[in-house]
Amino acid sequence: MDSQRKVEMPRSVRVGAAIVSIIGTLGIAAASFVLSFFALTDLVVERSPINAQYAWMWAVALDGLIVVSTIALVAMVGSSLRERAWTLTLLLTGVLLSTAGNVAHSVLGDHGFIGSLIAAVPPLLLAAITHLTVQLLRHALVSSERSAVTGSVEEVLEE
């Protein structure tokens, strides 16, 4: 048997899987964002000098930084590490600050060690799943461009 045999999935199956994956990752990203958002907003309301009516802005800024910098990093594929360094720094800073804020909210709420572990998950998951979503979208675009080029080449060869 040929262990290197390549199995080609029908295009409709690949497209369907990509759509389901993208919908799933967007759902997970939204859930992670909401969980982190409420923990960070509550932390700001309870423990900071920021006016309560503006607390949500702090949460959006931190978790939004994760989303935007992840998308920017993926868009910068092919750039040198030096060119991506600032964006990578922003991503890591957003993840660290959001995670620290979520954990602080848990600790100050007296939820113990397990509560702190649970609180750390949403911002980490937000970073990971946002990256996955953008990668899936990029792969879907590249695959469709590749199919268009391959189709064009096959049409030329048939003529």
# chains A, B, ... in the order shown; residues from 1 in each chain; ligands from 1
$ residues_around --residues "region 87-104 of chain A" --least-positions-apart "4" --cutoff "8 Å" --atoms "only C-alpha atoms" --output "PDB file with C-alpha atoms, in the first residue's frame"
ATOM      1  CA  SER A  36     -13.279  38.360  29.625  1.00  0.00           C
ATOM      2  CA  ALA A  39     -14.625  40.184  34.309  1.00  0.00           C
ATOM      3  CA  LEU A  40     -12.507  43.172  33.231  1.00  0.00           C
ATOM      4  CA  LEU A  43     -12.749  44.699  37.982  1.00  0.00           C
ATOM      5  CA  LEU A  62      -7.694  45.327  26.213  1.00  0.00           C
ATOM      6  CA  ASP A  63      -9.520  42.475  24.526  1.00  0.00           C
ATOM      7  CA  LEU A  65      -6.084  44.825  21.265  1.00  0.00           C
ATOM      8  CA  ILE A  66      -5.826  41.017  21.195  1.00  0.00           C
ATOM      9  CA  SER A  69      -3.111  42.735  16.729  1.00  0.00           C
ATOM     10  CA  THR A  70      -3.751  39.073  15.867  1.00  0.00           C
ATOM     11  CA  ALA A  72      -2.589  42.501  11.886  1.00  0.00           C
ATOM     12  CA  LEU A  73       0.026  39.811  12.495  1.00  0.00           C
ATOM     13  CA  LEU A 108     -10.151  39.710  44.560  1.00  0.00           C
ATOM     14  CA  SER A 116      -8.046  31.902  38.871  1.00  0.00           C
ATOM     15  CA  LEU A 117      -7.223  29.171  36.367  1.00  0.00           C
ATOM     16  CA  ALA A 119     -10.481  33.185  34.771  1.00  0.00           C
ATOM     17  CA  ALA A 120      -7.200  32.982  32.813  1.00  0.00           C
ATOM     18  CA  VAL A 121      -8.731  30.909  30.008  1.00  0.00           C
ATOM     19  CA  PRO A 122     -10.952  33.441  28.137  1.00  0.00           C
ATOM     20  CA  PRO A 123      -8.221  35.932  27.117  1.00  0.00           C
ATOM     21  CA  LEU A 124      -5.826  33.113  26.186  1.00  0.00           C
ATOM     22  CA  ALA A 127      -5.963  35.131  21.272  1.00  0.00           C
TER      23      ALA A 127
END
$ residues_around --residues "Ala55 (chain A)" --least-positions-apart "4" --cutoff "10 Å" --atoms "only C-alpha atoms" --output "PyMOL selection string"
chain A and resi 37-38+40-46+48-51+59-60
$ closest_residue --among "A:Thr130, A:Thr25, A:Ser12, A:Ser32" --to "Ile118 (chain A)" --atoms "only C-alpha atoms"
A:Ser32
$ atom_distance --atom1 "CA of Ser21 (chain A)" --atom2 "CA of Lys6 (chain A)"
22.2 Å
$ atom_distance --atom1 "CA of Tyr54 (chain A)" --atom2 "CA of His105 (chain A)"
17.5 Å
$ closest_residue --among "A:Leu126, A:Ala61, A:Ala18, A:Val134" --to "Ala75 (chain A)" --atoms "only C-alpha atoms"
A:Val134
$ select_by_dssp --residues "chain A" --states "alpha helix (DSSP H)" --output "VMD selection string"
chain A and resid 11 to 47 55 to 75 81 to 108 112 to 158
$ closest_residue --among "A:Ile19, A:Arg138, A:His111, A:Ala52" --to "Val77 (chain A)" --atoms "only C-alpha atoms"
A:Arg138
$ decode --residues "region 34-71 of chain A" --atoms "N, CA and C atoms" --output "PDB file, in the first residue's frame"
ATOM      1  N   VAL A  34     -16.752  37.924  25.556  1.00  0.00           N
ATOM      2  CA  VAL A  34     -17.795  38.312  26.520  1.00  0.00           C
ATOM      3  C   VAL A  34     -17.389  37.950  27.948  1.00  0.00           C
ATOM      4  N   LEU A  35     -16.873  36.731  28.146  1.00  0.00           N
ATOM      5  CA  LEU A  35     -16.461  36.322  29.493  1.00  0.00           C
ATOM      6  C   LEU A  35     -15.359  37.230  30.035  1.00  0.00           C
ATOM      7  N   SER A  36     -14.370  37.492  29.204  1.00  0.00           N
ATOM      8  CA  SER A  36     -13.279  38.360  29.625  1.00  0.00           C
ATOM      9  C   SER A  36     -13.777  39.795  29.813  1.00  0.00           C
ATOM     10  N   PHE A  37     -14.623  40.253  28.899  1.00  0.00           N
ATOM     11  CA  PHE A  37     -15.170  41.610  28.964  1.00  0.00           C
ATOM     12  C   PHE A  37     -15.861  41.867  30.302  1.00  0.00           C
ATOM     13  N   PHE A  38     -16.718  40.947  30.722  1.00  0.00           N
ATOM     14  CA  PHE A  38     -17.454  41.172  31.971  1.00  0.00           C
ATOM     15  C   PHE A  38     -16.545  41.118  33.195  1.00  0.00           C
ATOM     16  N   ALA A  39     -15.565  40.232  33.179  1.00  0.00           N
ATOM     17  CA  ALA A  39     -14.625  40.184  34.309  1.00  0.00           C
ATOM     18  C   ALA A  39     -13.807  41.477  34.382  1.00  0.00           C
ATOM     19  N   LEU A  40     -13.315  41.940  33.238  1.00  0.00           N
ATOM     20  CA  LEU A  40     -12.507  43.172  33.231  1.00  0.00           C
ATOM     21  C   LEU A  40     -13.342  44.397  33.582  1.00  0.00           C
ATOM     22  N   THR A  41     -14.568  44.452  33.060  1.00  0.00           N
ATOM     23  CA  THR A  41     -15.448  45.586  33.375  1.00  0.00           C
ATOM     24  C   THR A  41     -15.756  45.624  34.864  1.00  0.00           C
ATOM     25  N   ASP A  42     -16.078  44.479  35.439  1.00  0.00           N
ATOM     26  CA  ASP A  42     -16.379  44.409  36.866  1.00  0.00           C
ATOM     27  C   ASP A  42     -15.158  44.795  37.699  1.00  0.00           C
ATOM     28  N   LEU A  43     -13.980  44.341  37.275  1.00  0.00           N
ATOM     29  CA  LEU A  43     -12.749  44.699  37.982  1.00  0.00           C
ATOM     30  C   LEU A  43     -12.556  46.212  38.004  1.00  0.00           C
ATOM     31  N   VAL A  44     -12.764  46.855  36.866  1.00  0.00           N
ATOM     32  CA  VAL A  44     -12.591  48.308  36.775  1.00  0.00           C
ATOM     33  C   VAL A  44     -13.643  49.027  37.625  1.00  0.00           C
ATOM     34  N   VAL A  45     -14.875  48.560  37.566  1.00  0.00           N
ATOM     35  CA  VAL A  45     -15.950  49.193  38.347  1.00  0.00           C
ATOM     36  C   VAL A  45     -15.650  49.096  39.839  1.00  0.00           C
ATOM     37  N   GLU A  46     -15.218  47.911  40.282  1.00  0.00           N
ATOM     38  CA  GLU A  46     -15.012  47.664  41.709  1.00  0.00           C
ATOM     39  C   GLU A  46     -13.686  48.175  42.253  1.00  0.00           C
ATOM     40  N   ARG A  47     -12.644  48.229  41.441  1.00  0.00           N
ATOM     41  CA  ARG A  47     -11.298  48.447  41.980  1.00  0.00           C
ATOM     42  C   ARG A  47     -10.499  49.579  41.349  1.00  0.00           C
ATOM     43  N   SER A  48     -11.097  50.403  40.535  1.00  0.00           N
ATOM     44  CA  SER A  48     -10.286  51.442  39.901  1.00  0.00           C
ATOM     45  C   SER A  48     -10.949  52.813  40.027  1.00  0.00           C
ATOM     46  N   PRO A  49     -10.180  53.849  39.742  1.00  0.00           N
ATOM     47  CA  PRO A  49     -10.733  55.195  39.804  1.00  0.00           C
ATOM     48  C   PRO A  49     -11.518  55.570  38.537  1.00  0.00           C
ATOM     49  N   ILE A  50     -11.569  54.678  37.550  1.00  0.00           N
ATOM     50  CA  ILE A  50     -12.299  54.971  36.317  1.00  0.00           C
ATOM     51  C   ILE A  50     -13.788  54.974  36.619  1.00  0.00           C
ATOM     52  N   ASN A  51     -14.482  55.973  36.118  1.00  0.00           N
ATOM     53  CA  ASN A  51     -15.917  56.093  36.306  1.00  0.00           C
ATOM     54  C   ASN A  51     -16.606  54.835  35.766  1.00  0.00           C
ATOM     55  N   ALA A  52     -17.558  54.300  36.502  1.00  0.00           N
ATOM     56  CA  ALA A  52     -18.222  53.034  36.158  1.00  0.00           C
ATOM     57  C   ALA A  52     -18.846  53.057  34.766  1.00  0.00           C
ATOM     58  N   GLN A  53     -19.341  54.206  34.347  1.00  0.00           N
ATOM     59  CA  GLN A  53     -19.979  54.248  33.023  1.00  0.00           C
ATOM     60  C   GLN A  53     -18.977  54.079  31.876  1.00  0.00           C
ATOM     61  N   TYR A  54     -17.681  54.238  32.164  1.00  0.00           N
ATOM     62  CA  TYR A  54     -16.646  54.078  31.141  1.00  0.00           C
ATOM     63  C   TYR A  54     -15.839  52.787  31.307  1.00  0.00           C
ATOM     64  N   ALA A  55     -16.171  51.995  32.298  1.00  0.00           N
ATOM     65  CA  ALA A  55     -15.409  50.768  32.586  1.00  0.00           C
ATOM     66  C   ALA A  55     -15.390  49.818  31.401  1.00  0.00           C
ATOM     67  N   TRP A  56     -16.476  49.736  30.671  1.00  0.00           N
ATOM     68  CA  TRP A  56     -16.545  48.828  29.524  1.00  0.00           C
ATOM     69  C   TRP A  56     -15.500  49.180  28.464  1.00  0.00           C
ATOM     70  N   MET A  57     -15.149  50.459  28.363  1.00  0.00           N
ATOM     71  CA  MET A  57     -14.161  50.879  27.361  1.00  0.00           C
ATOM     72  C   MET A  57     -12.791  50.263  27.635  1.00  0.00           C
ATOM     73  N   TRP A  58     -12.458  50.126  28.912  1.00  0.00           N
ATOM     74  CA  TRP A  58     -11.176  49.531  29.281  1.00  0.00           C
ATOM     75  C   TRP A  58     -11.144  48.069  28.855  1.00  0.00           C
ATOM     76  N   ALA A  59     -12.237  47.371  29.093  1.00  0.00           N
ATOM     77  CA  ALA A  59     -12.321  45.963  28.709  1.00  0.00           C
ATOM     78  C   ALA A  59     -12.267  45.805  27.188  1.00  0.00           C
ATOM     79  N   VAL A  60     -12.986  46.643  26.468  1.00  0.00           N
ATOM     80  CA  VAL A  60     -12.968  46.580  25.002  1.00  0.00           C
ATOM     81  C   VAL A  60     -11.567  46.894  24.471  1.00  0.00           C
ATOM     82  N   ALA A  61     -10.910  47.876  25.073  1.00  0.00           N
ATOM     83  CA  ALA A  61      -9.567  48.243  24.620  1.00  0.00           C
ATOM     84  C   ALA A  61      -8.591  47.081  24.800  1.00  0.00           C
ATOM     85  N   LEU A  62      -8.622  46.441  25.961  1.00  0.00           N
ATOM     86  CA  LEU A  62      -7.694  45.327  26.213  1.00  0.00           C
ATOM     87  C   LEU A  62      -7.975  44.125  25.325  1.00  0.00           C
ATOM     88  N   ASP A  63      -9.205  43.660  25.321  1.00  0.00           N
ATOM     89  CA  ASP A  63      -9.520  42.475  24.526  1.00  0.00           C
ATOM     90  C   ASP A  63      -9.558  42.802  23.034  1.00  0.00           C
ATOM     91  N   GLY A  64      -9.924  44.030  22.699  1.00  0.00           N
ATOM     92  CA  GLY A  64      -9.870  44.460  21.299  1.00  0.00           C
ATOM     93  C   GLY A  64      -8.442  44.480  20.782  1.00  0.00           C
ATOM     94  N   LEU A  65      -7.501  44.837  21.644  1.00  0.00           N
ATOM     95  CA  LEU A  65      -6.084  44.825  21.265  1.00  0.00           C
ATOM     96  C   LEU A  65      -5.652  43.417  20.845  1.00  0.00           C
ATOM     97  N   ILE A  66      -6.150  42.404  21.539  1.00  0.00           N
ATOM     98  CA  ILE A  66      -5.826  41.017  21.195  1.00  0.00           C
ATOM     99  C   ILE A  66      -6.338  40.695  19.789  1.00  0.00           C
ATOM    100  N   VAL A  67      -7.583  41.035  19.533  1.00  0.00           N
ATOM    101  CA  VAL A  67      -8.195  40.724  18.244  1.00  0.00           C
ATOM    102  C   VAL A  67      -7.498  41.479  17.107  1.00  0.00           C
ATOM    103  N   VAL A  68      -7.346  42.785  17.267  1.00  0.00           N
ATOM    104  CA  VAL A  68      -6.776  43.610  16.198  1.00  0.00           C
ATOM    105  C   VAL A  68      -5.316  43.251  15.921  1.00  0.00           C
ATOM    106  N   SER A  69      -4.523  43.050  16.953  1.00  0.00           N
ATOM    107  CA  SER A  69      -3.111  42.735  16.729  1.00  0.00           C
ATOM    108  C   SER A  69      -2.938  41.334  16.140  1.00  0.00           C
ATOM    109  N   THR A  70      -3.819  40.402  16.474  1.00  0.00           N
ATOM    110  CA  THR A  70      -3.751  39.073  15.867  1.00  0.00           C
ATOM    111  C   THR A  70      -4.043  39.164  14.374  1.00  0.00           C
ATOM    112  N   ILE A  71      -5.087  39.888  14.020  1.00  0.00           N
ATOM    113  CA  ILE A  71      -5.431  40.059  12.605  1.00  0.00           C
ATOM    114  C   ILE A  71      -4.297  40.772  11.874  1.00  0.00           C
TER     115      ILE A  71
END
